[in-house]
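J.: Take a look at work-v2.csv, CSV, C-alpha atoms and all ligand atoms:
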chain,number,residue,atom,x,y,z
R,23,MET,CA,0.0,0.0,0.0
R,24,PRO,CA,1.4,3.4,-0.9
R,25,ILE,CA,2.2,5.5,2.2
R,26,GLU,CA,-0.2,8.3,1.2
R,27,THR,CA,-3.2,6.0,1.6
R,28,ASP,CA,-1.8,4.0,4.6
R,29,ARG,CA,-3.9,5.1,7.5
R,30,ALA,CA,-2.0,2.9,10.0
R,31,ALA,CA,1.2,4.5,9.0
R,32,ALA,CA,-0.3,8.0,9.3
R,33,GLU,CA,-1.7,7.2,12.7
R,34,ALA,CA,1.7,5.8,13.8
R,35,LEU,CA,3.5,9.0,12.8
R,36,LEU,CA,0.9,11.1,14.6
R,37,GLN,CA,1.3,9.0,17.8
R,38,GLU,CA,5.0,9.4,17.5
R,39,TRP,CA,4.9,13.2,17.2
R,40,VAL,CA,1.8,14.3,19.1
R,41,ALA,CA,1.2,13.6,22.8
R,42,SER,CA,-1.7,16.0,23.5
R,43,ASP,CA,-5.2,14.5,23.3
R,44,ALA,CA,-6.5,17.9,22.1
R,45,LEU,CA,-4.2,18.0,19.1
R,46,ARG,CA,-4.8,14.4,18.3
R,47,ARG,CA,-8.6,15.1,18.3
R,48,HIS,CA,-8.2,18.1,16.1
R,49,CYS,CA,-6.2,16.1,13.6
R,50,ARG,CA,-8.8,13.3,13.7
R,51,ALA,CA,-11.6,15.8,13.2
R,52,VAL,CA,-9.9,17.3,10.1
R,53,GLU,CA,-9.4,13.7,8.9
R,54,LEU,CA,-13.1,13.0,9.2
R,55,ALA,CA,-14.1,16.2,7.4
R,56,MET,CA,-11.6,15.5,4.6
R,57,ARG,CA,-12.8,12.0,4.2
R,58,ALA,CA,-16.4,13.2,3.9
R,59,TYR,CA,-15.5,15.7,1.2
R,60,ALA,CA,-13.5,13.2,-0.7
R,61,GLU,CA,-16.5,10.9,-0.8
R,62,ASP,CA,-18.7,13.7,-2.0
R,63,LEU,CA,-16.3,14.6,-4.7
R,64,GLY,CA,-15.3,11.2,-5.9
R,65,GLU,CA,-11.7,11.7,-4.6
R,66,ASP,CA,-9.7,9.2,-2.6
R,67,PRO,CA,-11.0,9.2,1.0
R,68,GLU,CA,-7.9,7.4,2.3
R,69,ALA,CA,-5.5,9.9,0.8
R,70,TRP,CA,-7.5,12.9,1.8
R,71,GLY,CA,-8.0,11.5,5.2
R,72,CYS,CA,-4.3,11.0,5.7
R,73,VAL,CA,-3.6,14.5,4.7
R,74,GLY,CA,-6.1,15.7,7.2
R,75,LEU,CA,-4.8,13.5,10.0
R,76,LEU,CA,-1.2,14.7,9.4
R,77,HIS,CA,-1.7,18.4,8.6
R,78,ASP,CA,-0.6,19.5,12.1
R,79,PHE,CA,1.5,16.5,13.0
R,80,ASP,CA,4.6,18.6,13.8
R,81,TRP,CA,2.8,21.3,15.8
R,82,GLU,CA,4.1,20.1,19.3
R,83,ARG,CA,7.7,20.2,18.1
R,84,HIS,CA,7.3,23.3,16.0
R,85,PRO,CA,4.7,25.4,17.8
R,86,SER,CA,5.3,28.6,15.9
R,87,LEU,CA,4.6,30.0,12.4
R,88,GLU,CA,8.4,30.2,11.9
R,89,GLN,CA,8.5,26.4,12.1
R,90,HIS,CA,5.1,24.9,11.4
R,91,PRO,CA,4.5,23.1,9.1
R,92,GLN,CA,7.5,23.8,7.0
R,93,ASP,CA,10.0,22.3,9.4
R,94,GLY,CA,7.9,19.1,9.6
R,95,GLU,CA,7.9,18.6,5.9
R,96,PRO,CA,11.4,16.9,5.7
R,97,ALA,CA,10.1,14.2,8.1
R,98,LEU,CA,7.2,13.6,5.8
R,99,ALA,CA,9.5,13.4,2.8
R,100,ALA,CA,11.8,11.0,4.7
R,101,ALA,CA,8.8,8.8,5.5
R,102,GLY,CA,8.1,8.7,1.7
R,103,TYR,CA,5.1,11.0,1.4
R,104,PRO,CA,4.9,12.3,-2.1
R,105,ASP,CA,5.2,15.9,-3.3
R,106,TRP,CA,1.5,16.6,-3.7
R,107,PHE,CA,0.8,15.3,-0.2
R,108,ARG,CA,3.5,17.5,1.4
R,109,ARG,CA,2.5,20.5,-0.7
R,110,ALA,CA,-1.1,20.2,0.5
R,111,ILE,CA,0.1,20.2,4.1
R,112,LEU,CA,2.3,23.2,3.5
R,113,SER,CA,-0.5,25.1,1.8
R,114,HIS,CA,-2.8,25.0,4.8
R,115,ALA,CA,-0.6,27.7,6.3
R,116,ASP,CA,-0.8,31.0,4.4
R,117,HIS,CA,2.7,32.0,5.7
R,118,THR,CA,4.4,29.2,3.8
R,119,GLY,CA,3.5,31.1,0.6
R,120,VAL,CA,2.4,27.8,-1.0
R,121,ILE,CA,-0.7,28.8,-2.9
R,122,ARG,CA,-3.7,26.5,-2.7
R,123,GLU,CA,-4.5,25.2,-6.1
R,124,THR,CA,-6.0,21.7,-6.0
R,125,PRO,CA,-9.3,20.7,-4.4
R,126,LEU,CA,-7.3,18.7,-1.8
R,127,GLU,CA,-5.4,21.9,-0.8
R,128,LYS,CA,-8.5,24.0,-0.7
R,129,HIS,CA,-10.6,21.6,1.3
R,130,LEU,CA,-7.8,21.1,3.8
R,131,PHE,CA,-7.7,24.8,4.5
R,132,ALA,CA,-11.5,25.0,4.6
R,133,CYS,CA,-11.8,22.1,7.1
R,134,ASP,CA,-9.0,23.1,9.4
R,135,GLU,CA,-10.3,26.2,11.1
R,136,LEU,CA,-14.0,25.1,10.9
R,137,CYS,CA,-13.2,21.8,12.6
R,138,GLY,CA,-11.7,23.8,15.5
R,139,PHE,CA,-14.7,26.1,15.7
R,140,LEU,CA,-17.3,23.3,15.5
R,141,HIS,CA,-15.4,21.5,18.2
R,142,ALA,CA,-15.6,24.5,20.5
R,143,CYS,CA,-19.3,24.9,19.7
R,144,GLY,CA,-19.9,21.2,20.5
R,145,LEU,CA,-18.2,21.5,23.8
R,146,VAL,CA,-20.6,24.1,25.1
R,147,ARG,CA,-23.8,22.5,23.9
R,148,PRO,CA,-25.4,19.8,26.2
R,149,THR,CA,-26.1,17.8,23.0
R,150,GLY,CA,-22.7,18.5,21.4
R,151,LEU,CA,-23.0,18.5,17.6
R,152,VAL,CA,-26.3,16.6,17.6
R,153,GLY,CA,-28.8,18.9,16.1
R,154,ILE,CA,-26.4,21.8,15.6
R,155,THR,CA,-27.5,24.2,12.9
R,156,PRO,CA,-25.6,26.6,10.7
R,157,LYS,CA,-27.6,29.4,12.2
R,158,SER,CA,-26.4,28.6,15.8
R,159,VAL,CA,-22.8,28.3,14.5
R,160,LYS,CA,-23.0,31.6,12.7
R,161,LYS,CA,-24.3,33.3,15.8
R,162,LYS,CA,-21.2,32.0,17.7
R,163,LEU,CA,-19.0,33.2,14.9
R,164,LYS,CA,-20.3,36.7,15.5
R,165,ASP,CA,-19.4,36.4,19.2
R,166,LYS,CA,-15.8,37.5,19.2
R,167,ARG,CA,-15.1,36.3,22.7
R,168,PHE,CA,-16.2,32.8,21.9
R,169,ALA,CA,-13.3,30.5,20.7
R,170,ALA,CA,-11.4,33.8,20.1
R,171,ASN,CA,-8.3,31.9,18.7
R,172,VAL,CA,-10.3,30.7,15.7
R,173,SER,CA,-9.9,33.1,12.7
R,174,ARG,CA,-13.4,34.0,11.5
R,175,ALA,CA,-11.8,35.3,8.3
R,176,ASP,CA,-10.2,31.9,7.6
R,177,VAL,CA,-13.5,30.1,8.3
R,178,ARG,CA,-15.3,32.3,5.7
R,179,ALA,CA,-12.4,32.3,3.2
R,180,GLY,CA,-12.3,28.5,3.4
R,181,ALA,CA,-15.9,28.1,2.4
R,182,GLU,CA,-15.4,30.5,-0.4
R,183,GLU,CA,-12.3,28.7,-1.7
R,184,ILE,CA,-14.2,25.4,-2.0
R,185,GLY,CA,-17.1,27.1,-3.7
R,186,SER,CA,-19.5,26.4,-0.9
R,187,THR,CA,-21.8,28.6,1.1
R,188,LEU,CA,-20.9,28.9,4.8
R,189,ASP,CA,-24.2,27.2,5.7
R,190,ASP,CA,-23.5,24.1,3.5
R,191,HIS,CA,-19.9,23.9,4.7
R,192,ILE,CA,-21.0,24.0,8.3
R,193,THR,CA,-23.7,21.4,7.7
R,194,ARG,CA,-21.3,19.0,5.8
R,195,VAL,CA,-18.5,19.2,8.4
R,196,ALA,CA,-20.8,18.9,11.4
R,197,ALA,CA,-22.4,15.8,9.8
R,198,ALA,CA,-18.9,14.3,9.3
R,199,LEU,CA,-17.8,14.9,12.9
R,200,GLU,CA,-21.1,14.1,14.8
R,201,PRO,CA,-20.9,10.3,14.5
R,202,ALA,CA,-17.4,10.5,16.1
R,203,SER,CA,-18.5,12.7,19.0
R,204,ALA,CA,-17.3,10.4,21.7
R,205,GLU,CA,-13.9,9.9,20.2
R,206,LEU,CA,-13.6,13.7,19.7
R,207,GLY,CA,-14.4,14.3,23.4
R,208,LEU,CA,-17.8,15.9,22.7
R,209,PRO,CA,-21.2,15.2,24.3
R,210,THR,CA,-23.1,12.6,22.4
R,211,GLY,CA,-26.6,14.1,22.8
G,301,FE,FE,-1.6,23.9,11.1
G,302,FE,FE,-5.1,22.4,12.2
Would you put the structure from the file into structure tokens?
T.:
Amino acid sequence: MPIETDRAAAEALLQEWVASDALRRHCRAVELAMRAYAEDLGEDPEAWGCVGLLHDFDWERHPSLEQHPQDGEPALAAAGYPDWFRRAILSHADHTGVIRETPLEKHLFACDELCGFLHACGLVRPTGLVGITPKSVKKKLKDKRFAANVSRADVRAGAEEIGSTLDDHITRVAAALEPASAELGLPTG
């Protein structure tokens, strides 16, 4: 099996590099969102999922924009991940200067920040992501004190880059994450 579709290999790399449950859950959430979009688009869910799972794999060792994700890239190359895979991961961070061109790259960017925001929304609702609506998520987006570390501009730009409305994007990603609520540390409704 090529490394780029080998989920066990991606998981092993993540376990080796990431100790924090919160970061592992974020990576898992982005994996689930990427898999969902790959299925919708007729792309390869394994490859898209692995890109999602590994997009922040180096964050604990490289917790600054001067390092992440560019300093993690050589480790991915050494593990045998192909060019397009590493390029996608580099492109999720605007500061790398790697322009997002492919659907894979655009969806990774779109899923990253929204997954973080939806997770925050799920944590404060007694029923987690069960029954969450775009309307309630957008209300929270307007509350600048809520999950203040999430870039609202990136959430909106992400939806635009994939040619989606914010409502549809929220609905799609929430539906992808909701079945994994327990694993993601969210209330299960
Ligand atoms: Fe990142
Ligand atoms: Fe991320």
J.: Excluding R:Asp134 and any residue of its chain fewer than 6 positions from it, enumerate the residues within 10 Å of it, using all atoms listed in the file, and give them as a VMD selection string.
T.: chain R and resid 48 to 49 51 to 53 55 to 56 74 77 to 78 114 172 176 to 177 180
J.: Excluding same-chain residues fewer than 5 positions from R:Leu188, what lies within 8 Å of it counting only C-alpha atoms, as a PyMOL selection string?
T.: chain R and resi 156+178+181-182
J.: Here is a test: counting only C-alpha atoms, which residue of R:Met23, R:Ala60, R:Val159, R:Ala32 is nearest to R:Leu126?
T.: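 Closest candidate: R:Ala60.
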J.: For a quick check of understanding, using all atoms listed in the file, which of R:His117, R:His141, R:Lys160, R:Arg174 has the smallest distance to ligand FE 301 (chain G)?
T.: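 Between R:His117, R:His141, R:Lys160, R:Arg174, the residue approaching ligand FE 301 (chain G) most closely is R:His117.
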J.: Taking all atoms listed in the file and a cut-off of 12 Å, can you tell me which residues surround ligand FE 301 (chain G), written as a ChimeraX atom specification?
T.: /R:45,48-49,52,73-82,84-94,110-118,130-135,137-138,172
J.: Fewer than 3 positions away in the same chain doesn't count, so skip those; otherwise give me all residues within 10 Å of R:Pro24, counting only C-alpha atoms, as a ChimeraX atom specification.
T.: /R:27-28,31,69,102-104
J.: So, counting all atoms listed in the file, which residue among R:Glu33, R:Glu26, R:Glu123, R:Asp165 is closest to R:Pro67?
T.: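 Distance minimum relative to R:Pro67 lands on R:Glu26.
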J.: Just checking: using only C-alpha atoms and all ligand atoms, which residue out of R:Phe168, R:Leu136, R:Arg147, R:Leu206 ends up closest to ligand FE 302 (chain G)?
T.: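 So, comparing all the options, the nearest one is R:Leu136.
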J.: Please provide as a list of chain:residue names all residues within 9 Å of R:Glu200, with the sequence filter that same-chain residues fewer than 4 positions apart are discarded (counting all atoms listed in the file).
T.: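 Final neighbour list, sorted by chain and number: R:Gly150, R:Leu151, R:Val152, R:Val195, R:Ala196, R:Ala204, R:Leu206, R:Leu208, R:Thr210.
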J.: Please, what distance in Å, to one decimal, runs between atom CA of R:Gly185 and atom CA of R:Ser203?
T.: 26.9 Å
J.: What gap, in Å, lies between atom CA of R:Leu145 and atom CA of R:Pro209?
T.: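 Distance reported for this atom pair: 7.0 Å.
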J.: Could you jot down the atom CA of R:Leu140 to atom CA of R:Asp189 separation for me, Å, one decimal place?
T.: 12.6 Å
